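Okay, entry-v3.csv now, which holds CSV, C-alpha atoms:
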chain,number,residue,atom,x,y,z
A,1,MET,CA,6.1,81.5,146.0
A,2,SER,CA,7.1,82.9,142.5
A,3,GLU,CA,10.8,83.0,143.4
A,4,ILE,CA,11.1,79.2,143.8
A,5,PRO,CA,10.4,78.3,140.1
A,6,MET,CA,12.8,81.0,139.0
A,7,HIS,CA,15.5,79.6,141.3
A,8,ARG,CA,14.9,76.1,140.0
A,9,ALA,CA,15.1,77.3,136.4
A,10,PHE,CA,18.4,79.1,137.1
A,11,LEU,CA,19.8,75.9,138.7
A,12,ALA,CA,18.7,73.8,135.7
A,13,THR,CA,20.2,76.2,133.2
A,14,THR,CA,23.6,76.2,135.0
A,15,ASP,CA,23.5,72.5,135.3
A,16,ARG,CA,23.0,72.1,131.5
A,17,ILE,CA,25.9,74.5,130.8
A,18,ALA,CA,28.2,72.5,133.1
A,19,ARG,CA,27.3,69.3,131.4
A,20,ARG,CA,27.9,70.7,128.0
A,21,PHE,CA,31.3,72.1,129.2
A,22,ARG,CA,32.3,68.7,130.5
A,23,CYS,CA,31.3,67.0,127.2
A,24,VAL,CA,33.4,69.5,125.2
A,25,LYS,CA,36.4,68.9,127.5
A,26,GLN,CA,36.0,65.1,127.2
A,27,ARG,CA,35.9,65.3,123.4
A,28,GLU,CA,39.0,67.5,123.3
A,29,HIS,CA,40.8,65.0,125.6
A,30,ARG,CA,39.8,62.1,123.4
A,31,SER,CA,40.9,63.9,120.3
A,32,ARG,CA,44.3,64.6,121.8
A,33,ARG,CA,44.7,60.9,122.7
A,34,ALA,CA,43.5,59.7,119.3
A,35,PRO,CA,46.4,59.1,116.9
A,36,LYS,CA,46.4,60.8,113.5
A,37,PRO,CA,45.9,58.6,110.4
A,38,GLN,CA,49.6,58.6,109.6
A,39,GLN,CA,50.4,57.6,113.2
A,40,ARG,CA,47.8,54.9,113.2
A,41,LEU,CA,49.4,53.5,110.0
A,42,LEU,CA,52.9,53.5,111.5
A,43,ARG,CA,51.6,52.0,114.8
A,44,SER,CA,49.8,49.3,112.9
A,45,ALA,CA,53.1,48.5,111.1
A,46,ARG,CA,54.8,48.5,114.5
A,47,LEU,CA,57.5,50.9,113.2
A,48,PRO,CA,58.7,54.1,114.8
A,49,LEU,CA,58.1,57.5,113.2
A,50,PRO,CA,60.6,57.9,110.4
A,51,ALA,CA,63.9,59.8,111.0
A,52,ALA,CA,64.2,63.4,109.9
A,53,SER,CA,66.7,62.4,107.2
A,54,THR,CA,64.4,60.1,105.2
A,55,LEU,CA,66.0,58.4,102.3
A,56,PRO,CA,64.8,59.4,98.8
A,57,LYS,CA,63.1,56.9,96.5
A,58,TYR,CA,66.0,57.0,94.1
A,59,ILE,CA,69.6,56.8,95.5
A,60,PRO,CA,72.2,57.2,92.7
A,61,GLU,CA,74.9,55.6,94.9
A,62,LEU,CA,73.1,52.3,94.6
A,63,ASP,CA,73.4,52.3,90.8
A,64,GLY,CA,77.1,53.0,91.4
A,65,LEU,CA,77.5,50.1,93.7
A,66,ARG,CA,75.6,47.8,91.2
A,67,ALA,CA,78.2,48.9,88.6
A,68,VAL,CA,81.1,48.0,90.9
A,69,ALA,CA,79.5,44.6,91.6
A,70,VAL,CA,78.9,43.7,87.9
A,71,LEU,CA,82.3,45.0,86.8
A,72,LEU,CA,84.0,42.8,89.3
A,73,VAL,CA,82.1,39.7,88.0
A,74,LEU,CA,82.8,40.6,84.4
A,75,LEU,CA,86.6,41.0,85.0
A,76,PHE,CA,86.7,37.9,87.1
A,77,HIS,CA,85.2,35.7,84.4
A,78,LEU,CA,87.8,37.2,82.0
A,79,ASN,CA,90.4,35.5,84.2
A,80,LEU,CA,92.4,38.8,84.4
A,81,PRO,CA,95.4,38.7,86.8
A,82,TRP,CA,95.0,40.1,90.3
A,83,LEU,CA,91.2,39.7,90.1
A,84,SER,CA,90.8,36.3,91.7
A,85,LEU,CA,88.4,38.0,94.2
A,86,GLY,CA,86.1,39.4,91.5
A,87,TRP,CA,83.5,36.8,92.6
A,88,THR,CA,82.9,39.0,95.7
A,89,GLY,CA,80.9,41.2,93.4
A,90,VAL,CA,78.1,38.6,93.7
A,91,THR,CA,78.2,39.1,97.5
A,92,LEU,CA,77.8,42.9,96.9
A,93,PHE,CA,74.7,42.1,94.8
A,94,PHE,CA,73.3,40.1,97.7
A,95,VAL,CA,73.8,42.9,100.1
A,96,LEU,CA,72.1,45.4,97.8
A,97,SER,CA,69.2,43.0,97.3
A,98,GLY,CA,68.7,42.6,101.0
A,99,PHE,CA,68.8,46.4,101.5
A,100,LEU,CA,66.5,47.3,98.6
A,101,ILE,CA,63.9,44.6,99.0
A,102,THR,CA,63.6,45.0,102.8
A,103,GLY,CA,63.2,48.7,102.4
A,104,ILE,CA,60.5,48.3,99.8
A,105,LEU,CA,58.6,45.9,102.0
A,106,LEU,CA,58.9,48.0,105.1
A,107,ASP,CA,57.7,51.1,103.3
A,108,SER,CA,54.6,49.2,102.0
A,109,ARG,CA,53.5,47.9,105.4
A,110,GLY,CA,49.9,48.7,106.1
A,111,GLN,CA,49.1,49.4,102.4
A,112,PRO,CA,46.4,47.3,100.7
A,113,GLY,CA,47.7,44.7,98.3
A,114,ASN,CA,51.3,45.2,99.3
A,115,LEU,CA,52.3,41.6,98.9
A,116,ARG,CA,50.6,41.2,95.5
A,117,ASN,CA,52.2,44.4,94.3
A,118,PHE,CA,55.6,43.3,95.5
A,119,TYR,CA,55.5,40.0,93.7
A,120,ALA,CA,54.1,41.6,90.5
A,121,ARG,CA,56.9,44.1,90.4
A,122,ARG,CA,59.5,41.5,90.9
A,123,VAL,CA,58.1,39.3,88.1
A,124,LEU,CA,58.2,42.3,85.7
A,125,ARG,CA,61.8,43.0,86.7
A,126,ILE,CA,63.3,39.6,86.8
A,127,LEU,CA,61.5,36.9,84.9
A,128,PRO,CA,61.3,38.2,81.3
A,129,ILE,CA,65.0,38.4,80.3
A,130,TYR,CA,65.8,35.4,82.5
A,131,TYR,CA,63.5,33.1,80.5
A,132,LEU,CA,64.6,34.9,77.3
A,133,THR,CA,68.2,34.0,78.0
A,134,LEU,CA,67.2,30.5,79.0
A,135,SER,CA,65.3,30.0,75.8
A,136,ALA,CA,68.3,31.2,73.7
A,137,ILE,CA,70.6,28.8,75.5
A,138,MET,CA,68.1,26.0,74.9
A,139,LEU,CA,68.0,26.7,71.2
A,140,ALA,CA,71.8,26.8,71.0
A,141,ALA,CA,72.1,23.6,73.0
A,142,GLY,CA,69.6,21.8,70.7
A,143,ALA,CA,71.6,22.9,67.6
A,144,ARG,CA,74.8,21.7,69.2
A,145,GLY,CA,73.3,18.5,70.6
A,146,GLN,CA,74.2,19.4,74.2
A,147,ASP,CA,72.7,17.7,77.3
A,148,THR,CA,69.8,19.6,78.9
A,149,ALA,CA,68.4,17.0,81.3
A,150,ASP,CA,68.6,19.4,84.2
A,151,LEU,CA,66.3,22.0,82.5
A,152,PRO,CA,63.5,21.6,85.1
A,153,TYR,CA,65.8,23.0,87.8
A,154,TYR,CA,66.6,26.1,85.7
A,155,ILE,CA,62.9,26.7,85.0
A,156,SER,CA,62.1,26.5,88.7
A,157,TYR,CA,65.0,28.6,89.9
A,158,THR,CA,66.5,25.7,91.9
A,159,GLN,CA,69.6,25.1,89.8
A,160,ASN,CA,71.8,26.5,92.5
A,161,TYR,CA,71.6,23.2,94.5
A,162,VAL,CA,72.3,21.1,91.4
A,163,LEU,CA,75.3,23.3,90.5
A,164,GLY,CA,76.6,23.2,94.0
A,165,LEU,CA,76.3,19.4,94.4
A,166,SER,CA,77.9,18.8,91.0
A,167,GLY,CA,80.7,21.4,91.3
A,168,PHE,CA,79.2,23.5,88.5
A,169,ASP,CA,79.0,20.4,86.2
A,170,ALA,CA,75.3,20.1,85.8
A,171,ARG,CA,73.6,18.3,82.8
A,172,PHE,CA,73.0,21.7,81.1
A,173,PRO,CA,75.2,24.1,79.1
A,174,MET,CA,77.8,25.8,81.2
A,175,ALA,CA,76.8,29.1,79.6
A,176,PHE,CA,74.1,29.4,82.3
A,177,ASN,CA,76.2,28.4,85.3
A,178,HIS,CA,76.2,32.0,86.6
A,179,SER,CA,72.5,31.8,87.1
A,180,TRP,CA,73.0,30.1,90.5
A,181,SER,CA,73.1,33.6,92.1
A,182,LEU,CA,69.8,34.5,90.4
A,183,ALA,CA,68.2,31.4,91.9
A,184,VAL,CA,69.4,32.4,95.4
A,185,GLU,CA,67.9,35.8,95.0
A,186,GLU,CA,64.6,34.5,93.7
A,187,GLN,CA,64.3,32.1,96.6
A,188,PHE,CA,65.0,35.0,98.9
A,189,TYR,CA,62.3,37.2,97.2
A,190,LEU,CA,59.8,34.4,97.6
A,191,LEU,CA,60.3,33.9,101.4
A,192,TRP,CA,61.5,37.1,102.9
A,193,PRO,CA,58.4,39.3,102.3
A,194,LEU,CA,56.3,36.9,104.5
A,195,ALA,CA,58.7,37.6,107.4
A,196,VAL,CA,59.0,41.4,106.9
A,197,LEU,CA,55.2,41.9,106.5
A,198,GLY,CA,54.3,39.4,109.3
A,199,LEU,CA,56.6,40.2,112.1
A,200,GLU,CA,57.0,43.2,114.5
A,201,ARG,CA,60.1,45.3,114.1
A,202,SER,CA,61.8,43.9,117.2
A,203,GLN,CA,61.1,40.4,116.0
A,204,LEU,CA,62.4,41.1,112.5
A,205,ALA,CA,65.6,42.5,114.0
A,206,GLY,CA,66.1,39.3,116.0
A,207,LEU,CA,65.4,37.2,112.9
A,208,VAL,CA,68.0,39.1,110.9
A,209,SER,CA,70.6,38.5,113.6
A,210,GLY,CA,69.7,34.8,113.8
A,211,LEU,CA,69.8,34.3,110.1
A,212,PHE,CA,73.2,35.9,109.8
A,213,ALA,CA,74.5,33.4,112.3
A,214,LEU,CA,72.7,30.6,110.5
A,215,GLY,CA,74.7,31.4,107.3
A,216,ILE,CA,78.0,30.7,109.1
A,217,LEU,CA,76.6,27.6,110.7
A,218,THR,CA,75.3,26.3,107.3
A,219,ARG,CA,78.7,26.6,105.7
A,220,ALA,CA,80.4,25.0,108.7
A,221,LEU,CA,78.0,22.1,108.6
A,222,ILE,CA,78.6,21.6,104.8
A,223,LEU,CA,82.3,21.7,105.4
A,224,LEU,CA,82.3,19.2,108.2
A,225,THR,CA,79.9,16.7,106.7
A,226,LEU,CA,80.1,17.0,102.9
A,227,HIS,CA,83.5,18.6,102.3
A,228,ASN,CA,82.0,20.3,99.2
A,229,PRO,CA,83.5,23.7,98.6
A,230,THR,CA,81.0,24.6,95.8
A,231,LEU,CA,78.0,23.8,97.9
A,232,MET,CA,79.3,26.1,100.6
A,233,SER,CA,78.3,29.1,98.5
A,234,THR,CA,75.4,28.2,96.2
A,235,PRO,CA,72.5,27.4,98.5
A,236,LEU,CA,70.3,30.2,99.9
A,237,PRO,CA,71.2,29.4,103.6
A,238,ALA,CA,74.9,29.8,102.7
A,239,GLN,CA,74.3,33.3,101.5
A,240,LEU,CA,72.2,34.5,104.4
A,241,GLU,CA,75.0,36.8,105.7
A,242,PRO,CA,75.0,39.4,102.9
A,243,LEU,CA,71.2,39.2,102.4
A,244,THR,CA,70.4,39.8,106.1
A,245,LEU,CA,73.2,42.4,106.4
A,246,GLY,CA,71.5,44.5,103.7
A,247,ALA,CA,68.1,43.9,105.4
A,248,GLY,CA,69.6,45.1,108.8
A,249,LEU,CA,70.8,48.3,107.1
A,250,ALA,CA,67.3,48.9,105.8
A,251,LEU,CA,65.9,48.4,109.3
A,252,LEU,CA,68.4,50.9,110.7
A,253,ALA,CA,67.5,53.4,108.0
A,254,ARG,CA,63.9,53.4,109.4
A,255,SER,CA,64.7,53.2,113.1
A,256,GLY,CA,64.9,56.9,113.7
A,257,LEU,CA,68.7,56.7,114.1
A,258,ASP,CA,70.6,59.6,112.7
A,259,CYS,CA,72.2,59.0,109.3
A,260,GLY,CA,75.5,60.3,110.5
A,261,VAL,CA,75.6,57.7,113.3
A,262,ILE,CA,74.9,54.9,110.8
A,263,ALA,CA,77.6,56.2,108.5
A,264,ARG,CA,80.2,56.3,111.2
A,265,TRP,CA,79.5,52.8,112.4
A,266,SER,CA,79.4,51.6,108.8
A,267,LEU,CA,82.8,53.1,108.2
A,268,ILE,CA,84.2,51.3,111.3
A,269,VAL,CA,82.7,48.0,110.1
A,270,ALA,CA,84.2,48.5,106.6
A,271,VAL,CA,87.7,49.4,107.9
A,272,ALA,CA,87.8,46.6,110.4
A,273,SER,CA,86.5,43.9,108.1
A,274,GLY,CA,88.7,45.2,105.3
A,275,ALA,CA,91.8,45.0,107.5
A,276,ALA,CA,90.9,41.4,108.5
A,277,LEU,CA,90.3,40.5,104.8
A,278,TYR,CA,93.7,41.9,103.9
A,279,LEU,CA,95.4,39.7,106.5
A,280,MET,CA,93.5,36.6,105.4
A,281,VAL,CA,94.3,37.2,101.7
A,282,ARG,CA,98.0,37.6,102.6
A,283,ALA,CA,97.9,34.4,104.6
A,284,ILE,CA,96.0,32.3,102.0
A,285,GLY,CA,97.5,33.7,98.9
A,286,LEU,CA,95.6,35.8,96.3
A,287,ASP,CA,95.9,33.2,93.5
A,288,ASN,CA,94.2,30.6,95.6
A,289,PHE,CA,90.9,32.4,95.4
A,290,TRP,CA,90.4,31.5,91.8
A,291,HIS,CA,89.1,28.1,92.9
A,292,PRO,CA,87.1,27.5,96.2
A,293,GLU,CA,88.7,24.1,96.8
A,294,ASN,CA,92.0,25.9,97.3
A,295,TRP,CA,90.8,27.8,100.4
A,296,ALA,CA,87.2,27.1,101.4
A,297,LEU,CA,87.9,23.6,102.8
A,298,SER,CA,90.0,25.0,105.7
A,299,ILE,CA,88.0,25.6,108.9
A,300,SER,CA,90.2,28.6,109.7
A,301,ASN,CA,89.0,30.3,106.5
A,302,LEU,CA,85.3,29.8,107.3
A,303,PRO,CA,84.9,33.5,108.4
A,304,PHE,CA,86.1,34.8,105.0
A,305,PRO,CA,82.7,35.1,103.3
A,306,SER,CA,81.2,36.7,106.5
A,307,LEU,CA,84.0,39.3,106.4
A,308,VAL,CA,83.3,40.0,102.7
A,309,ALA,CA,79.6,40.6,103.5
A,310,LEU,CA,80.5,42.9,106.4
A,311,PHE,CA,83.0,44.9,104.2
A,312,TRP,CA,80.4,45.4,101.4
A,313,GLY,CA,77.7,46.2,103.9
A,314,GLY,CA,79.9,48.8,105.6
A,315,LEU,CA,80.7,50.4,102.2
A,316,LEU,CA,76.9,50.4,101.4
A,317,GLY,CA,76.2,52.2,104.7
A,318,VAL,CA,79.0,54.8,104.1
A,319,ALA,CA,77.8,55.4,100.5
A,320,VAL,CA,74.1,55.8,101.4
A,321,PHE,CA,74.2,57.5,104.8
A,322,GLY,CA,77.5,59.4,104.7
A,323,LYS,CA,78.8,62.4,102.9
A,324,THR,CA,82.3,61.2,101.9
A,325,LEU,CA,84.3,61.0,98.7
A,326,LEU,CA,82.7,57.7,98.0
A,327,SER,CA,79.3,59.1,97.1
A,328,PRO,CA,80.5,61.5,94.4
A,329,LEU,CA,82.5,58.7,92.8
A,330,LEU,CA,79.5,56.4,92.7
A,331,ARG,CA,77.4,59.2,91.2
A,332,VAL,CA,79.6,59.5,88.1
A,333,ALA,CA,77.5,59.0,85.0
A,334,PHE,CA,79.5,56.0,83.8
A,335,PHE,CA,78.8,54.1,87.0
A,336,ARG,CA,75.1,55.1,87.1
A,337,ARG,CA,74.7,53.9,83.5
A,338,ILE,CA,76.4,50.6,84.1
A,339,GLY,CA,74.4,50.1,87.3
A,340,LYS,CA,71.1,50.9,85.6
A,341,ILE,CA,71.5,48.0,83.1
A,342,SER,CA,73.6,45.8,85.4
A,343,TYR,CA,70.9,43.0,85.5
A,344,GLY,CA,71.1,42.6,81.8
A,345,ILE,CA,74.9,42.8,81.8
A,346,TYR,CA,75.1,40.1,84.4
A,347,MET,CA,72.5,38.0,82.7
A,348,TYR,CA,74.1,38.1,79.2
A,349,HIS,CA,77.8,38.3,80.0
A,350,PHE,CA,78.6,34.6,80.6
A,351,PRO,CA,76.7,33.3,77.5
A,352,VAL,CA,78.5,35.9,75.5
A,353,TYR,CA,81.9,34.8,76.9
A,354,VAL,CA,81.2,31.2,76.1
A,355,ALA,CA,79.9,32.0,72.6
A,356,CYS,CA,83.0,34.1,71.8
A,357,ASP,CA,85.3,31.3,73.0
A,358,ASN,CA,83.5,28.9,70.7
A,359,LEU,CA,83.0,31.2,67.7
A,360,LEU,CA,86.4,32.9,67.6
A,361,PRO,CA,88.8,30.0,67.6
A,362,ALA,CA,91.6,32.0,66.0
A,363,LEU,CA,91.7,34.3,68.9
A,364,VAL,CA,91.2,31.6,71.5
A,365,SER,CA,94.1,29.5,70.1
A,366,HIS,CA,96.4,32.5,70.8
A,367,TYR,CA,94.8,33.3,74.1
A,368,SER,CA,98.1,33.3,75.9
A,369,ALA,CA,99.4,36.2,73.8
A,370,VAL,CA,98.7,39.6,75.3
A,371,PRO,CA,97.3,41.4,72.2
A,372,GLU,CA,94.9,38.6,71.3
A,373,LYS,CA,93.8,38.2,74.9
A,374,VAL,CA,93.1,41.9,75.2
A,375,ALA,CA,91.2,41.8,71.9
A,376,LEU,CA,89.1,38.9,72.9
A,377,GLY,CA,88.3,40.4,76.3
A,378,ALA,CA,87.4,43.7,74.7
A,379,ALA,CA,85.1,42.0,72.3
A,380,LYS,CA,83.3,40.1,75.1
A,381,LEU,CA,82.8,43.3,77.1
A,382,CYS,CA,81.5,45.3,74.1
A,383,ILE,CA,79.1,42.7,72.9
A,384,THR,CA,77.8,42.2,76.5
A,385,TYR,CA,77.3,46.0,76.8
A,386,LEU,CA,75.5,46.3,73.5
A,387,LEU,CA,73.2,43.4,74.3
A,388,ALA,CA,72.4,44.8,77.7
A,389,SER,CA,71.6,48.2,76.3
A,390,LEU,CA,69.3,46.8,73.6
A,391,SER,CA,67.6,44.6,76.2
A,392,TRP,CA,67.1,47.7,78.4
A,393,SER,CA,65.6,49.7,75.6
A,394,LEU,CA,63.5,47.1,73.9
A,395,VAL,CA,62.5,44.7,76.7
A,396,GLU,CA,63.1,45.8,80.2
A,397,SER,CA,62.0,49.5,80.1
A,398,PRO,CA,58.6,48.8,78.4
A,399,LEU,CA,57.9,46.1,81.0
A,400,LEU,CA,59.1,48.2,83.9
A,401,ALA,CA,56.7,50.9,82.9
A,402,LEU,CA,53.9,48.5,83.8
A,403,LYS,CA,55.0,48.7,87.5
A,404,ARG,CA,52.8,51.8,87.8
A,405,HIS,CA,49.8,49.5,88.0
A,406,PHE,CA,51.2,47.8,91.1
A,407,ARG,CA,51.8,50.5,93.6

Could you write out this file's structure as C-alpha cells?
Amino acid sequence: MSEIPMHRAFLATTDRIARRFRCVKQREHRSRRAPKPQQRLLRSARLPLPAASTLPKYIPELDGLRAVAVLLVLLFHLNLPWLSLGWTGVTLFFVLSGFLITGILLDSRGQPGNLRNFYARRVLRILPIYYLTLSAIMLAAGARGQDTADLPYYISYTQNYVLGLSGFDARFPMAFNHSWSLAVEEQFYLLWPLAVLGLERSQLAGLVSGLFALGILTRALILLTLHNPTLMSTPLPAQLEPLTLGAGLALLARSGLDCGVIARWSLIVAVASGAALYLMVRAIGLDNFWHPENWALSISNLPFPSLVALFWGGLLGVAVFGKTLLSPLLRVAFFRRIGKISYGIYMYHFPVYVACDNLLPALVSHYSAVPEKVALGAAKLCITYLLASLSWSLVESPLLALKRHFR
C-alpha cells in the first residue's frame, strides 16, 4: 500500500521535468526564429541586409565629380571654344543628386522623424544662399529699373517652366537664368522622398525604370507638339533620366551586389554610351551644341540627353565602386575643394559673369581680342571663387552645423 503513493510521486516529478524541458526547447526555438533588432529594422524597411562593402558616409570622389560638373558649367558660360557641351555638367549634377538623396533616404528608412529631418537638412543646405542671391539680384534690378514681374515663380522654385516656355526670356533679370536647374532639383527633393519612404524596394526599382522611360517620352511629346527646344530640358519630367539613374545606383549600392560587379557594369555603360555620344557629336557637329534649337528639334537626336545621363551615371559608378585611376584623380585636393563649395560657385557664377560684362565695358568692347578675353574670363572665375569661399565660411558652414539637430 505504501509503494503506490511513492510511485505516483515519482511519475508526477518526471512529468514536471518533461514539461519544463519542453518549455525551454520551445523558448529556444522561438528565440532562433525571432529576428534581431537590426534585422527587424531592415525587414520593416523591406531592404536586404547590406553588402559587405558598405559605402562610407563621406565619399571624396563625389566632391571630385561635383568639381567636374561645376567647372564644365563655368567654362561653358565663358563661351570658350570646344566647350559647347559644357552644359552637360548640369546633367552630372542631376545624377549626383539622385544618387545622394536616394541613398540618404534609404539609409533613414525605419528611423523616427526621417522625413522631417530630411526636409530640414535640405532647407539648411539650399534655401539660405538661394534667397540671398535672389535678394541681391532684386536690389540690382530695382536700381537699374529692370522688369521683375516673374518674381513669384523664382520665389516658389517654378521658374524652370517660365524660362522653358519663354526660351530663357522671362520677365526677370537674366543673371538668374541658371536657377532653372535649382528649381528642377527642389521639385525633385519635394516629391521623391514620398516614393522612397513609402514603397517597397522592388516597387521602387520598377518606379525608377518607369520614370527613366517617362523622361524620354516627355521630351518626345514636347518635340512633337510644341516644337520648343528649351522646354525639352527645363521641366522636371524632362530631367528624369539623370535623376532616376542616380537613384538606381543608390539602390544597387544597397542591394547586396558586390561593388566590383557594379563597377564593371558601370564601366561598360560609360564606354558604350560614350562611344555613341562621340558618333552623334561627329554627325551633328560640335558647334551646334551651343544652342538647343540647332540640334534638339530633330527626332533622331532625341536619345542624346539619355546617353549623356548614362555616360555620367557610368562614370559615377566607376568612381564610387571601382578601384581605377579615376578615383585618385577625383581625390586631388583641388577637385575636393572646388566640389565642397560647388553649390556656391554655381549659384554666384552667372550673376558675377553678367555683372562683369556690365561693369567692365572697356574689356567687353575688346572681347574678341585674346588677351582681353582671357583677362575678363580670369576675373570672372576669380571673383566667383572668392564669393563662394566667403559664402562657405560665413553663411553655409555655420548653417550646416545645425544639421546635427536633425539626424

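Distances to A:Arg337 were evaluated for A:Pro56, A:Gly215, A:Gly64, A:Gly198 using only C-alpha atoms, and the minimum falls at A:Gly64.
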
Fill in the blank from the handout: Atom pair atom CA of A:Ala149 + atom CA of A:Asp169, distance 12.2 Å

Problem - Atomic separation - atom CA of A:Asp150 relative to atom CA of A:Leu359, Å - result: 24.9 Å

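Among the candidate residues A:Val281, A:Val196, A:Leu71, A:Leu207, the one lying nearest to A:His349 is A:Leu71, with distances computed using all atoms listed in the file.
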
Exercise for the section: Excluding A:Leu252 and residues on its chain fewer than 2 positions from it, collect all residues at most 12 Å away from it, counting all atoms listed in the file, and give them as a ChimeraX atom specification. Expected result: /A:47-48,50-51,54-55,99,102-103,106,201-202,204-205,208,245-250,254-263,265-266,317,320-321

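One distance worth recording is that between atom CA of A:Arg171 and atom CA of A:Leu151, which is 8.2 Å.
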
Handout entry: Test item: which residues lie within 9 Å of (78.7, 23.6, 96.1) counting only C-alpha atoms, as a list of chain:residue names
Key = A:Asn160, A:Tyr161, A:Val162, A:Leu163, A:Gly164, A:Leu165, A:Ser166, A:Gly167, A:Phe168, A:Ile222, A:Asn228, A:Pro229, A:Thr230, A:Leu231, A:Met232, A:Ser233, A:Thr234, A:Pro235

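With all atoms listed in the file as the atoms that count, the residue of A:Gln111, A:Gln203, A:Thr158, A:Ser306 with the shortest distance to A:Ala238 is A:Ser306.
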
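For the choices A:Leu302, A:Leu394, A:Leu307, A:Ala143, the atom-to-atom distance to A:Tyr278 is smallest for A:Leu307 when using all atoms listed in the file.
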
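If you measure from each of A:Asn301, A:Ser342, A:Asn117, A:Ser179 to A:Thr384 using only C-alpha atoms, the closest one turns out to be A:Ser342.
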
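With all atoms listed in the file as the atoms that count, the residue of A:Thr133, A:Glu293, A:Pro303, A:Tyr157 with the shortest distance to A:Leu182 is A:Tyr157.
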
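When the distance limit is 9 Å and all atoms listed in the file are what count, the residues near A:Arg331, minus those fewer than 4 positions from it on the same chain, are Pro60, Glu61, Leu62, Asp63, Gly64, Leu326, Ser327, Phe335 and Arg336 of chain A.
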